[in-house]
$ cat target_31.pdb   # PDB, C-alpha atoms
ATOM      1  CA  MET A   1      46.676 136.874 137.854
ATOM      2  CA  ARG A   2      45.454 140.385 138.643
ATOM      3  CA  ARG A   3      47.124 142.441 141.388
ATOM      4  CA  ASN A   4      45.234 145.340 142.973
ATOM      5  CA  ARG A   5      47.993 146.950 144.982
ATOM      6  CA  ASN A   6      48.741 150.632 144.548
ATOM      7  CA  THR A   7      52.106 151.282 142.957
ATOM      8  CA  SER A   8      54.490 154.209 142.905
ATOM      9  CA  LEU A   9      58.157 154.801 142.423
ATOM     10  CA  ASP A  10      58.400 155.856 146.072
ATOM     11  CA  THR A  11      57.396 152.418 147.282
ATOM     12  CA  ALA A  12      59.337 150.341 144.733
ATOM     13  CA  VAL A  13      61.410 147.676 146.451
ATOM     14  CA  THR A  14      65.202 147.851 146.285
ATOM     15  CA  ASP A  15      65.830 144.357 147.610
ATOM     16  CA  PHE A  16      64.116 141.065 148.378
ATOM     17  CA  ILE A  17      64.234 138.564 151.234
ATOM     18  CA  LEU A  18      64.778 134.937 150.252
ATOM     19  CA  LEU A  19      63.029 132.801 152.851
ATOM     20  CA  GLY A  20      64.862 129.684 151.655
ATOM     21  CA  LEU A  21      63.872 126.087 152.253
ATOM     22  CA  ALA A  22      61.498 125.448 155.130
ATOM     23  CA  HIS A  23      63.237 123.358 157.772
ATOM     24  CA  PRO A  24      63.121 122.596 161.516
ATOM     25  CA  PRO A  25      65.546 124.901 163.397
ATOM     26  CA  ASN A  26      67.284 121.952 165.046
ATOM     27  CA  LEU A  27      68.323 120.613 161.594
ATOM     28  CA  ARG A  28      69.928 123.848 160.447
ATOM     29  CA  THR A  29      73.521 122.763 161.070
ATOM     30  CA  PHE A  30      72.919 119.331 159.555
ATOM     31  CA  LEU A  31      71.371 120.806 156.395
ATOM     32  CA  PHE A  32      74.195 123.326 156.127
ATOM     33  CA  LEU A  33      76.725 120.485 156.107
ATOM     34  CA  VAL A  34      74.664 118.389 153.666
ATOM     35  CA  PHE A  35      74.344 121.156 151.075
ATOM     36  CA  PHE A  36      77.951 122.245 151.578
ATOM     37  CA  LEU A  37      79.089 118.660 150.921
ATOM     38  CA  ILE A  38      76.796 118.404 147.875
ATOM     39  CA  TYR A  39      78.293 121.604 146.466
ATOM     40  CA  ILE A  40      81.906 120.464 146.956
ATOM     41  CA  LEU A  41      81.232 117.006 145.471
ATOM     42  CA  THR A  42      79.381 118.561 142.517
ATOM     43  CA  GLN A  43      82.294 120.848 141.706
ATOM     44  CA  LEU A  44      84.913 118.114 142.109
ATOM     45  CA  GLY A  45      82.952 115.485 140.167
ATOM     46  CA  ASN A  46      82.248 117.728 137.197
ATOM     47  CA  LEU A  47      85.792 119.094 137.245
ATOM     48  CA  LEU A  48      87.069 115.508 137.071
ATOM     49  CA  ILE A  49      84.987 114.846 133.942
ATOM     50  CA  LEU A  50      86.073 118.152 132.388
ATOM     51  CA  LEU A  51      89.765 117.448 132.982
ATOM     52  CA  THR A  52      89.448 113.809 131.834
ATOM     53  CA  VAL A  53      87.841 114.817 128.530
ATOM     54  CA  TRP A  54      90.445 117.545 128.030
ATOM     55  CA  ALA A  55      93.436 115.337 128.900
ATOM     56  CA  ASP A  56      92.488 112.153 127.041
ATOM     57  CA  PRO A  57      93.071 112.397 123.250
ATOM     58  CA  LYS A  58      90.574 109.603 122.584
ATOM     59  CA  LEU A  59      87.799 111.568 124.276
ATOM     60  CA  HIS A  60      88.296 115.203 123.310
ATOM     61  CA  ALA A  61      88.392 114.242 119.617
ATOM     62  CA  ARG A  62      84.846 112.801 119.816
ATOM     63  CA  PRO A  63      81.770 115.090 119.669
ATOM     64  CA  MET A  64      79.944 113.079 122.348
ATOM     65  CA  TYR A  65      82.612 113.844 124.928
ATOM     66  CA  ILE A  66      82.980 117.446 123.830
ATOM     67  CA  LEU A  67      79.277 117.786 124.663
ATOM     68  CA  LEU A  68      79.809 115.962 127.953
ATOM     69  CA  GLY A  69      82.615 118.365 128.876
ATOM     70  CA  VAL A  70      80.361 121.333 128.133
ATOM     71  CA  LEU A  71      77.615 119.741 130.275
ATOM     72  CA  SER A  72      80.034 119.405 133.205
ATOM     73  CA  PHE A  73      81.045 123.051 132.808
ATOM     74  CA  LEU A  74      77.380 124.087 132.845
ATOM     75  CA  ASP A  75      76.689 121.955 135.927
ATOM     76  CA  MET A  76      79.546 123.616 137.811
ATOM     77  CA  TRP A  77      78.208 127.100 137.075
ATOM     78  CA  LEU A  78      74.550 126.232 137.605
ATOM     79  CA  SER A  79      75.398 124.755 140.991
ATOM     80  CA  SER A  80      77.361 127.909 141.860
ATOM     81  CA  VAL A  81      74.369 130.100 141.027
ATOM     82  CA  ILE A  82      72.006 128.109 143.274
ATOM     83  CA  VAL A  83      73.682 126.191 146.087
ATOM     84  CA  PRO A  84      75.775 128.907 147.854
ATOM     85  CA  ARG A  85      72.593 130.930 148.357
ATOM     86  CA  ILE A  86      70.845 127.883 149.847
ATOM     87  CA  ILE A  87      73.796 127.309 152.173
ATOM     88  CA  LEU A  88      73.696 130.959 153.243
ATOM     89  CA  ASN A  89      70.083 130.547 154.355
ATOM     90  CA  PHE A  90      71.182 127.970 156.925
ATOM     91  CA  THR A  91      73.468 130.530 158.620
ATOM     92  CA  PRO A  92      72.652 133.567 160.773
ATOM     93  CA  ALA A  93      73.615 135.813 157.833
ATOM     94  CA  SER A  94      71.050 138.186 156.345
ATOM     95  CA  LYS A  95      68.639 136.664 153.843
ATOM     96  CA  VAL A  96      68.358 139.930 151.939
ATOM     97  CA  ILE A  97      69.295 139.867 148.252
ATOM     98  CA  PRO A  98      69.610 143.176 146.354
ATOM     99  CA  PHE A  99      67.180 143.821 143.526
ATOM    100  CA  GLY A 100      70.031 143.650 141.007
ATOM    101  CA  GLY A 101      71.295 140.440 142.578
ATOM    102  CA  CYS A 102      67.858 138.880 142.193
ATOM    103  CA  VAL A 103      67.746 139.915 138.523
ATOM    104  CA  ALA A 104      71.214 138.430 137.951
ATOM    105  CA  GLN A 105      70.363 135.164 139.688
ATOM    106  CA  LEU A 106      67.154 134.709 137.693
ATOM    107  CA  TYR A 107      68.961 135.527 134.436
ATOM    108  CA  PHE A 108      71.884 133.142 134.999
ATOM    109  CA  PHE A 109      69.612 130.391 136.306
ATOM    110  CA  HIS A 110      67.508 130.450 133.140
ATOM    111  CA  PHE A 111      70.464 131.125 130.855
ATOM    112  CA  LEU A 112      72.421 128.111 132.138
ATOM    113  CA  GLY A 113      69.343 125.927 132.624
ATOM    114  CA  SER A 114      67.997 126.458 129.101
ATOM    115  CA  THR A 115      71.474 126.017 127.574
ATOM    116  CA  GLN A 116      71.612 122.686 129.387
ATOM    117  CA  CYS A 117      68.176 121.835 128.008
ATOM    118  CA  PHE A 118      69.355 122.452 124.427
ATOM    119  CA  LEU A 119      72.597 120.581 125.112
ATOM    120  CA  TYR A 120      70.734 117.443 126.192
ATOM    121  CA  THR A 121      68.887 117.564 122.874
ATOM    122  CA  LEU A 122      72.180 117.860 120.976
ATOM    123  CA  MET A 123      73.584 114.915 122.920
ATOM    124  CA  ALA A 124      70.571 112.787 121.943
ATOM    125  CA  TYR A 125      70.980 113.849 118.296
ATOM    126  CA  ASP A 126      74.669 112.939 118.446
ATOM    127  CA  ARG A 127      73.858 109.451 119.772
ATOM    128  CA  TYR A 128      71.153 109.035 117.121
ATOM    129  CA  LEU A 129      73.654 109.796 114.338
ATOM    130  CA  ALA A 130      76.356 107.596 115.869
ATOM    131  CA  ILE A 131      74.134 104.529 116.198
ATOM    132  CA  CYS A 132      71.586 104.948 113.390
ATOM    133  CA  GLN A 133      73.926 106.508 110.793
ATOM    134  CA  PRO A 134      77.345 105.074 111.754
ATOM    135  CA  LEU A 135      78.910 105.274 108.267
ATOM    136  CA  ARG A 136      77.914 108.914 107.757
ATOM    137  CA  TYR A 137      78.527 109.970 111.369
ATOM    138  CA  PRO A 138      82.021 111.478 110.803
ATOM    139  CA  VAL A 139      80.534 113.713 108.084
ATOM    140  CA  LEU A 140      77.239 114.562 109.814
ATOM    141  CA  MET A 141      78.786 115.293 113.233
ATOM    142  CA  ASN A 142      82.368 116.529 113.174
ATOM    143  CA  GLY A 143      84.280 118.762 115.569
ATOM    144  CA  LYS A 144      83.508 121.970 113.668
ATOM    145  CA  LEU A 145      79.772 121.315 113.455
ATOM    146  CA  CYS A 146      79.712 120.266 117.118
ATOM    147  CA  THR A 147      81.339 123.575 118.097
ATOM    148  CA  ILE A 148      78.800 125.535 116.037
ATOM    149  CA  LEU A 149      75.872 123.656 117.602
ATOM    150  CA  VAL A 150      77.226 124.196 121.131
ATOM    151  CA  ALA A 151      77.721 127.915 120.411
ATOM    152  CA  GLY A 152      74.135 128.057 119.126
ATOM    153  CA  ALA A 153      72.894 126.453 122.358
ATOM    154  CA  TRP A 154      74.764 129.068 124.424
ATOM    155  CA  VAL A 155      73.356 131.941 122.338
ATOM    156  CA  ALA A 156      69.809 130.552 122.504
ATOM    157  CA  GLY A 157      70.165 130.088 126.268
ATOM    158  CA  SER A 158      71.385 133.665 126.714
ATOM    159  CA  ILE A 159      68.449 135.009 124.695
ATOM    160  CA  HIS A 160      66.036 132.905 126.724
ATOM    161  CA  GLY A 161      67.497 134.132 130.027
ATOM    162  CA  SER A 162      67.357 137.759 128.853
ATOM    163  CA  ILE A 163      63.708 137.458 127.803
ATOM    164  CA  GLN A 164      62.645 135.883 131.084
ATOM    165  CA  ALA A 165      64.573 138.356 133.260
ATOM    166  CA  SER A 166      63.331 141.372 131.257
ATOM    167  CA  LEU A 167      59.688 140.295 131.336
ATOM    168  CA  THR A 168      59.779 139.415 135.029
ATOM    169  CA  PHE A 169      61.415 142.617 136.255
ATOM    170  CA  ARG A 170      59.616 145.040 133.955
ATOM    171  CA  LEU A 171      56.716 144.667 136.381
ATOM    172  CA  PRO A 172      56.454 146.992 139.400
ATOM    173  CA  TYR A 173      57.328 145.542 142.817
ATOM    174  CA  CYS A 174      56.119 147.624 145.725
ATOM    175  CA  GLY A 175      55.991 145.147 148.589
ATOM    176  CA  PRO A 176      55.816 142.749 150.277
ATOM    177  CA  LYS A 177      59.314 141.620 149.351
ATOM    178  CA  GLN A 178      59.600 138.170 150.939
ATOM    179  CA  ILE A 179      60.215 135.518 148.283
ATOM    180  CA  ASP A 180      58.882 132.211 149.598
ATOM    181  CA  TYR A 181      61.510 130.168 147.770
ATOM    182  CA  PHE A 182      65.225 129.395 147.918
ATOM    183  CA  ILE A 183      66.174 131.335 144.747
ATOM    184  CA  CYS A 184      64.838 134.195 142.656
ATOM    185  CA  ASP A 185      62.780 132.226 140.155
ATOM    186  CA  ILE A 186      59.880 133.342 138.014
ATOM    187  CA  PRO A 187      56.826 131.784 139.743
ATOM    188  CA  ALA A 188      57.945 132.909 143.225
ATOM    189  CA  VAL A 189      58.921 136.443 142.148
ATOM    190  CA  LEU A 190      55.742 137.023 140.121
ATOM    191  CA  ARG A 191      53.634 136.491 143.242
ATOM    192  CA  LEU A 192      55.076 139.754 144.594
ATOM    193  CA  ALA A 193      54.309 141.866 141.511
ATOM    194  CA  CYS A 194      51.944 144.819 141.900
ATOM    195  CA  ALA A 195      50.473 144.373 138.419
ATOM    196  CA  ASP A 196      48.727 141.849 136.213
ATOM    197  CA  THR A 197      51.019 138.858 135.640
ATOM    198  CA  THR A 198      48.826 137.005 133.132
ATOM    199  CA  VAL A 199      51.120 137.732 130.174
ATOM    200  CA  ASN A 200      54.190 136.678 132.156
ATOM    201  CA  GLU A 201      52.579 133.415 133.220
ATOM    202  CA  LEU A 202      51.579 132.703 129.611
ATOM    203  CA  VAL A 203      55.092 133.425 128.343
ATOM    204  CA  THR A 204      56.544 131.246 131.112
ATOM    205  CA  PHE A 205      54.242 128.410 130.083
ATOM    206  CA  VAL A 206      55.105 128.714 126.380
ATOM    207  CA  ASP A 207      58.780 129.706 126.489
ATOM    208  CA  ILE A 208      59.827 127.329 129.260
ATOM    209  CA  GLY A 209      57.235 124.594 129.591
ATOM    210  CA  VAL A 210      56.488 123.974 125.940
ATOM    211  CA  VAL A 211      60.118 124.373 124.811
ATOM    212  CA  ALA A 212      61.292 121.960 127.529
ATOM    213  CA  ALA A 213      58.534 119.511 126.677
ATOM    214  CA  SER A 214      59.354 119.772 122.950
ATOM    215  CA  CYS A 215      63.050 119.119 123.567
ATOM    216  CA  PHE A 216      62.123 116.177 125.770
ATOM    217  CA  MET A 217      59.888 114.726 123.049
ATOM    218  CA  LEU A 218      62.674 115.150 120.454
ATOM    219  CA  ILE A 219      65.022 113.289 122.784
ATOM    220  CA  LEU A 220      62.503 110.481 123.287
ATOM    221  CA  LEU A 221      61.989 110.261 119.518
ATOM    222  CA  SER A 222      65.757 110.018 118.990
ATOM    223  CA  TYR A 223      65.995 107.251 121.569
ATOM    224  CA  ALA A 224      63.065 105.345 120.100
ATOM    225  CA  ASN A 225      65.025 105.144 116.842
ATOM    226  CA  ILE A 226      68.211 104.312 118.758
ATOM    227  CA  VAL A 227      66.569 101.390 120.579
ATOM    228  CA  LEU A 228      65.296  99.984 117.297
ATOM    229  CA  ALA A 229      68.797 100.266 115.819
ATOM    230  CA  ILE A 230      70.422  98.669 118.880
ATOM    231  CA  LEU A 231      68.088  95.682 118.721
ATOM    232  CA  LYS A 232      69.379  95.051 115.208
ATOM    233  CA  ILE A 233      72.995  94.802 116.401
ATOM    234  CA  ARG A 234      73.983  91.155 116.166
ATOM    235  CA  THR A 235      76.670  90.936 118.845
ATOM    236  CA  ALA A 236      75.766  90.985 122.529
ATOM    237  CA  ASP A 237      78.841  93.082 123.322
ATOM    238  CA  GLY A 238      77.842  95.692 120.739
ATOM    239  CA  ARG A 239      74.345  95.938 122.168
ATOM    240  CA  ARG A 240      75.719  96.190 125.698
ATOM    241  CA  ARG A 241      78.104  99.045 124.810
ATOM    242  CA  ALA A 242      75.407 100.947 122.944
ATOM    243  CA  PHE A 243      72.877 100.565 125.768
ATOM    244  CA  SER A 244      75.510 101.569 128.337
ATOM    245  CA  THR A 245      76.393 104.793 126.524
ATOM    246  CA  CYS A 246      72.801 105.776 125.769
ATOM    247  CA  GLY A 247      71.488 104.650 129.152
ATOM    248  CA  SER A 248      73.683 107.184 130.938
ATOM    249  CA  HIS A 249      72.324 110.060 128.893
ATOM    250  CA  LEU A 250      68.706 108.932 129.080
ATOM    251  CA  THR A 251      68.933 108.637 132.877
ATOM    252  CA  VAL A 252      70.309 112.176 133.184
ATOM    253  CA  VAL A 253      67.681 113.563 130.805
ATOM    254  CA  THR A 254      64.847 111.968 132.775
ATOM    255  CA  VAL A 255      65.954 113.299 136.172
ATOM    256  CA  TYR A 256      66.374 116.779 134.662
ATOM    257  CA  TYR A 257      63.355 117.236 132.388
ATOM    258  CA  VAL A 258      60.586 115.615 134.400
ATOM    259  CA  PRO A 259      60.970 117.903 137.478
ATOM    260  CA  CYS A 260      61.531 120.940 135.213
ATOM    261  CA  ILE A 261      58.320 120.343 133.281
ATOM    262  CA  PHE A 262      56.489 119.668 136.570
ATOM    263  CA  ILE A 263      57.486 123.119 137.873
ATOM    264  CA  TYR A 264      56.993 125.339 134.836
ATOM    265  CA  LEU A 265      53.861 123.843 133.335
ATOM    266  CA  ARG A 266      52.262 124.687 136.705
ATOM    267  CA  ALA A 267      53.571 128.260 136.991
ATOM    268  CA  GLY A 268      50.636 129.416 139.134
ATOM    269  CA  SER A 269      50.917 126.530 141.579
ATOM    270  CA  LYS A 270      51.781 127.049 145.256
ATOM    271  CA  SER A 271      52.257 123.389 146.090
ATOM    272  CA  PRO A 272      54.747 122.638 148.894
ATOM    273  CA  LEU A 273      56.154 119.939 146.611
ATOM    274  CA  ASP A 274      57.533 122.570 144.217
ATOM    275  CA  GLY A 275      60.494 123.393 146.446
ATOM    276  CA  ALA A 276      61.509 119.754 146.875
ATOM    277  CA  VAL A 277      61.149 119.052 143.163
ATOM    278  CA  ALA A 278      63.155 122.170 142.274
ATOM    279  CA  VAL A 279      65.961 121.164 144.657
ATOM    280  CA  PHE A 280      66.154 117.824 142.889
ATOM    281  CA  TYR A 281      66.823 119.170 139.400
ATOM    282  CA  THR A 282      68.832 122.254 140.428
ATOM    283  CA  VAL A 283      70.980 120.703 143.174
ATOM    284  CA  ILE A 284      70.863 116.906 142.958
ATOM    285  CA  THR A 285      71.033 116.482 139.164
ATOM    286  CA  PRO A 286      74.408 118.309 138.788
ATOM    287  CA  LEU A 287      75.716 116.043 141.561
ATOM    288  CA  LEU A 288      74.431 112.862 139.899
ATOM    289  CA  ASN A 289      75.705 113.640 136.388
ATOM    290  CA  PRO A 290      79.376 112.796 137.095
ATOM    291  CA  LEU A 291      78.380 109.590 138.917
ATOM    292  CA  ILE A 292      76.091 108.452 136.114
ATOM    293  CA  TYR A 293      78.552 109.213 133.337
ATOM    294  CA  THR A 294      81.557 107.657 135.066
ATOM    295  CA  LEU A 295      79.901 104.568 136.553
ATOM    296  CA  ARG A 296      77.769 103.678 133.509
ATOM    297  CA  ASN A 297      80.070 104.816 130.694
ATOM    298  CA  GLN A 298      82.794 102.362 129.722
ATOM    299  CA  ASP A 299      84.796 104.933 127.741
ATOM    300  CA  MET A 300      84.957 107.299 130.721
ATOM    301  CA  LYS A 301      86.033 104.481 133.044
ATOM    302  CA  SER A 302      88.751 103.440 130.588
ATOM    303  CA  ALA A 303      89.963 107.042 130.256
ATOM    304  CA  LEU A 304      90.182 107.405 134.042
ATOM    305  CA  LYS A 305      92.215 104.177 134.228
ATOM    306  CA  ARG A 306      94.573 105.489 131.537
ATOM    307  CA  LEU A 307      95.021 108.740 133.435
ATOM    308  CA  ARG A 308      95.763 106.903 136.688
ATOM    309  CA  ALA A 309      98.217 104.605 134.895
ATOM    310  CA  GLY A 310      99.902 107.602 133.277
ATOM    311  CA  ARG A 311     100.337 109.334 136.629
ATOM    312  CA  ARG A 312     101.821 106.173 138.172
ATOM    313  CA  ASN A 313     104.265 105.873 135.266
ATOM    314  CA  VAL A 314     105.325 109.491 135.654
ATOM    315  CA  GLY A 315     105.758 108.987 139.397
ATOM    316  CA  GLY A 316     107.840 105.843 138.776
ATOM    317  CA  GLU A 317     110.141 107.641 136.345
ATOM    318  CA  LYS A 318     110.814 110.312 138.928
TER     319      LYS A 318
END

$ encode --input "target_31.pdb" --output "structure tokens"
Amino acid sequence: MRRNRNTSLDTAVTDFILLGLAHPPNLRTFLFLVFFLIYILTQLGNLLILLTVWADPKLHARPMYILLGVLSFLDMWLSSVIVPRIILNFTPASKVIPFGGCVAQLYFFHFLGSTQCFLYTLMAYDRYLAICQPLRYPVLMNGKLCTILVAGAWVAGSIHGSIQASLTFRLPYCGPKQIDYFICDIPAVLRLACADTTVNELVTFVDIGVVAASCFMLILLSYANIVLAILKIRTADGRRRAFSTCGSHLTVVTVYYVPCIFIYLRAGSKSPLDGAVAVFYTVITPLLNPLIYTLRNQDMKSALKRLRAGRRNVGGEK
């Protein structure tokens, strides 16, 4: 998109104004409480999973639950990057965000979000090996390799976030400075640029949309093979356990990737639906992850029971 505004260093913006989510004024207090409650529950739910995986020897020795612990850690930080700013917009406080703060928010949002994207792919690969290659699984996916893969996901996510932040804020911004969104994200910020944003929109499409879509397709391919392998399991209990474990992950992947692809493959869109869709995968998904993985995962439920039993035993001894 071509911008025809005059630019100069004298008129460069030093801050932005986040307009936040559109809402009726009479619902401001209600929405403040809703998002505040969502944030608290998200932190507590993911912390519970993190502590359960760390405390239970049967879980933290298995790559699947190491990955789940990392996912919970990412959800806690991603929620902290997004939700407090949304909550602030429902208060009388200033909606101004410094230029540097906007850069930081965009970087961490894409750093954590893309790391999560790669992590979901690793989790699907882990399940594929566990179910389709059960005899070779301990060799193909051990603790050391899992750690290396997770570190690679973090590095790739950091590089992705750096590229997106650098490309977005290398452009001149000379006003207006009102971001019609609830966070500093690429499509909303680019609308304020005083220069041609065609290259940025192309990079956004390729680096975010295509990468996310490719990861999603790899996950679907892994699960197509997993379903075929599960159908070959002779015992009903074995099939049930396999479907329960994989169903949790596939549910989480769907509610994360579909909205993400919807947003970034339509980078030039100004649809009012974009805000609602973005809230779903940035705010609601981190809240749902602990519920999905604890309610649908038999191993997690058993670990929680063991922890509760252990605490009762300790209390009884005292």

$ closest_atom_pairs --input "target_31.pdb" --of "segment 30-137 of chain A" --to "segment 273-293 of chain A" --cutoff "10 Å" --atoms "all atoms listed in the file" --output "Markdown table"
| residue | atom | partner | partner_atom | distance |
| --- | --- | --- | --- | --- |
| A:Phe35 | CA | A:Val283 | CA | 8.6 |
| A:Ile38 | CA | A:Leu287 | CA | 6.8 |
| A:Tyr39 | CA | A:Leu287 | CA | 7.9 |
| A:Ile40 | CA | A:Leu287 | CA | 9.3 |
| A:Leu41 | CA | A:Leu287 | CA | 6.8 |
| A:Thr42 | CA | A:Leu287 | CA | 4.5 |
| A:Gln43 | CA | A:Leu287 | CA | 8.1 |
| A:Leu44 | CA | A:Pro290 | CA | 9.2 |
| A:Gly45 | CA | A:Pro290 | CA | 5.4 |
| A:Asn46 | CA | A:Pro290 | CA | 5.7 |
| A:Leu47 | CA | A:Pro290 | CA | 9.0 |
| A:Leu48 | CA | A:Pro290 | CA | 8.2 |
| A:Ile49 | CA | A:Pro290 | CA | 6.8 |
| A:Leu50 | CA | A:Pro290 | CA | 9.8 |
| A:Leu68 | CA | A:Tyr293 | CA | 8.7 |
| A:Leu71 | CA | A:Asn289 | CA | 8.8 |
| A:Ser72 | CA | A:Pro290 | CA | 7.7 |
| A:Leu74 | CA | A:Pro286 | CA | 8.8 |
| A:Asp75 | CA | A:Pro286 | CA | 5.2 |
| A:Met76 | CA | A:Pro286 | CA | 7.5 |
| A:Trp77 | CA | A:Pro286 | CA | 9.7 |
| A:Leu78 | CA | A:Thr282 | CA | 7.5 |
| A:Ser79 | CA | A:Val283 | CA | 6.4 |
| A:Ser80 | CA | A:Val283 | CA | 9.7 |
| A:Val81 | CA | A:Thr282 | CA | 9.6 |
| A:Ile82 | CA | A:Thr282 | CA | 7.2 |
| A:Val83 | CA | A:Val283 | CA | 6.8 |
| A:Ile86 | CA | A:Val279 | CA | 9.8 |
| A:Phe109 | CA | A:Thr282 | CA | 9.2 |
| A:Gly113 | CA | A:Thr282 | CA | 8.6 |

$ closest_residue --input "target_31.pdb" --among "A:Trp54, A:Tyr137, A:Phe30, A:Tyr257" --to "Met217 of chain A" --atoms "only C-alpha atoms"
A:Tyr257

$ resolve_selection --input "target_31.pdb" --expression "the PyMOL selection byres ((chain A and resi 101) around 12)" --output "list of chain:residue names"
A:Thr14, A:Asp15, A:Phe16, A:Ile17, A:Leu18, A:Val81, A:Arg85, A:Val96, A:Ile97, A:Pro98, A:Phe99, A:Gly100, A:Cys102, A:Val103, A:Ala104, A:Gln105, A:Leu106, A:Tyr107, A:Phe108, A:Phe109, A:Ala165, A:Phe169, A:Ile183, A:Cys184

$ residues_around --input "target_31.pdb" --residues "Asp56 of chain A" --least-positions-apart "3" --cutoff "10 Å" --atoms "all atoms listed in the file" --output "number ranges by chain"
A: 51-53, 59-61, 300, 303-304, 306-307

$ axis_aligned_box --input "target_31.pdb" --around "segment 148-163 of chain A" --padding-each-side "6 Å" --output "JSON"
{"center_x": 71.3, "center_y": 130.7, "center_z": 123.0, "size_x": 27.1, "size_y": 26.1, "size_z": 26.0}

$ closest_residue --input "target_31.pdb" --among "A:Ile186, A:Cys117, A:Val199, A:Ala236" --to "Val211 of chain A" --atoms "all atoms listed in the file"
A:Cys117

$ resolve_selection --input "target_31.pdb" --expression "the PyMOL selection byres ((chain A and resi 122) around 10)" --output "PyMOL selection string"
chain A and resi 64+67+116-121+123-128+146+149-150+153+215+218-219

$ atom_distance --input "target_31.pdb" --atom1 "atom CA of Ala224 of chain A" --atom2 "atom CA of Val258 of chain A"
17.8 Å

$ closest_residue --input "target_31.pdb" --among "A:Leu192, A:Leu250, A:Ile159, A:Ile261" --to "Leu171 of chain A" --atoms "only C-alpha atoms"
A:Leu192

$ residues_near_point --input "target_31.pdb" --point "(57.4, 132.4, 132.8)" --cutoff "8 Å" --atoms "all atoms listed in the file" --output "short mmCIF file (atom, residue, chain, number, x, y, z; two decimals) with C-alpha atoms, in the frame of the given file"
data_model
loop_
_atom_site.label_atom_id
_atom_site.label_comp_id
_atom_site.auth_asym_id
_atom_site.auth_seq_id
_atom_site.Cartn_x
_atom_site.Cartn_y
_atom_site.Cartn_z
CA GLN A 164 62.64 135.88 131.08
CA THR A 168 59.78 139.42 135.03
CA ILE A 186 59.88 133.34 138.01
CA PRO A 187 56.83 131.78 139.74
CA ASN A 200 54.19 136.68 132.16
CA GLU A 201 52.58 133.42 133.22
CA LEU A 202 51.58 132.70 129.61
CA VAL A 203 55.09 133.43 128.34
CA THR A 204 56.54 131.25 131.11
CA PHE A 205 54.24 128.41 130.08
CA VAL A 206 55.10 128.71 126.38
CA ASP A 207 58.78 129.71 126.49
CA ILE A 208 59.83 127.33 129.26
CA TYR A 264 56.99 125.34 134.84
CA ALA A 267 53.57 128.26 136.99
#

$ atom_distance --input "target_31.pdb" --atom1 "atom CA of Ile230 of chain A" --atom2 "atom CA of Phe216 of chain A"
20.6 Å

$ atom_distance --input "target_31.pdb" --atom1 "atom CA of Ile163 of chain A" --atom2 "atom CA of Thr197 of chain A"
15.0 Å

$ closest_residue --input "target_31.pdb" --among "A:Ser114, A:Thr91, A:Asn26, A:Asn225" --to "Tyr256 of chain A" --atoms "all atoms listed in the file"
A:Ser114

$ closest_residue --input "target_31.pdb" --among "A:Val255, A:Ile66, A:Val13, A:Ile131" --to "Gly175 of chain A" --atoms "only C-alpha atoms"
A:Val13

$ closest_residue --input "target_31.pdb" --among "A:Ile148, A:Ala229, A:Ala213, A:Leu19" --to "Gln178 of chain A" --atoms "all atoms listed in the file"
A:Leu19
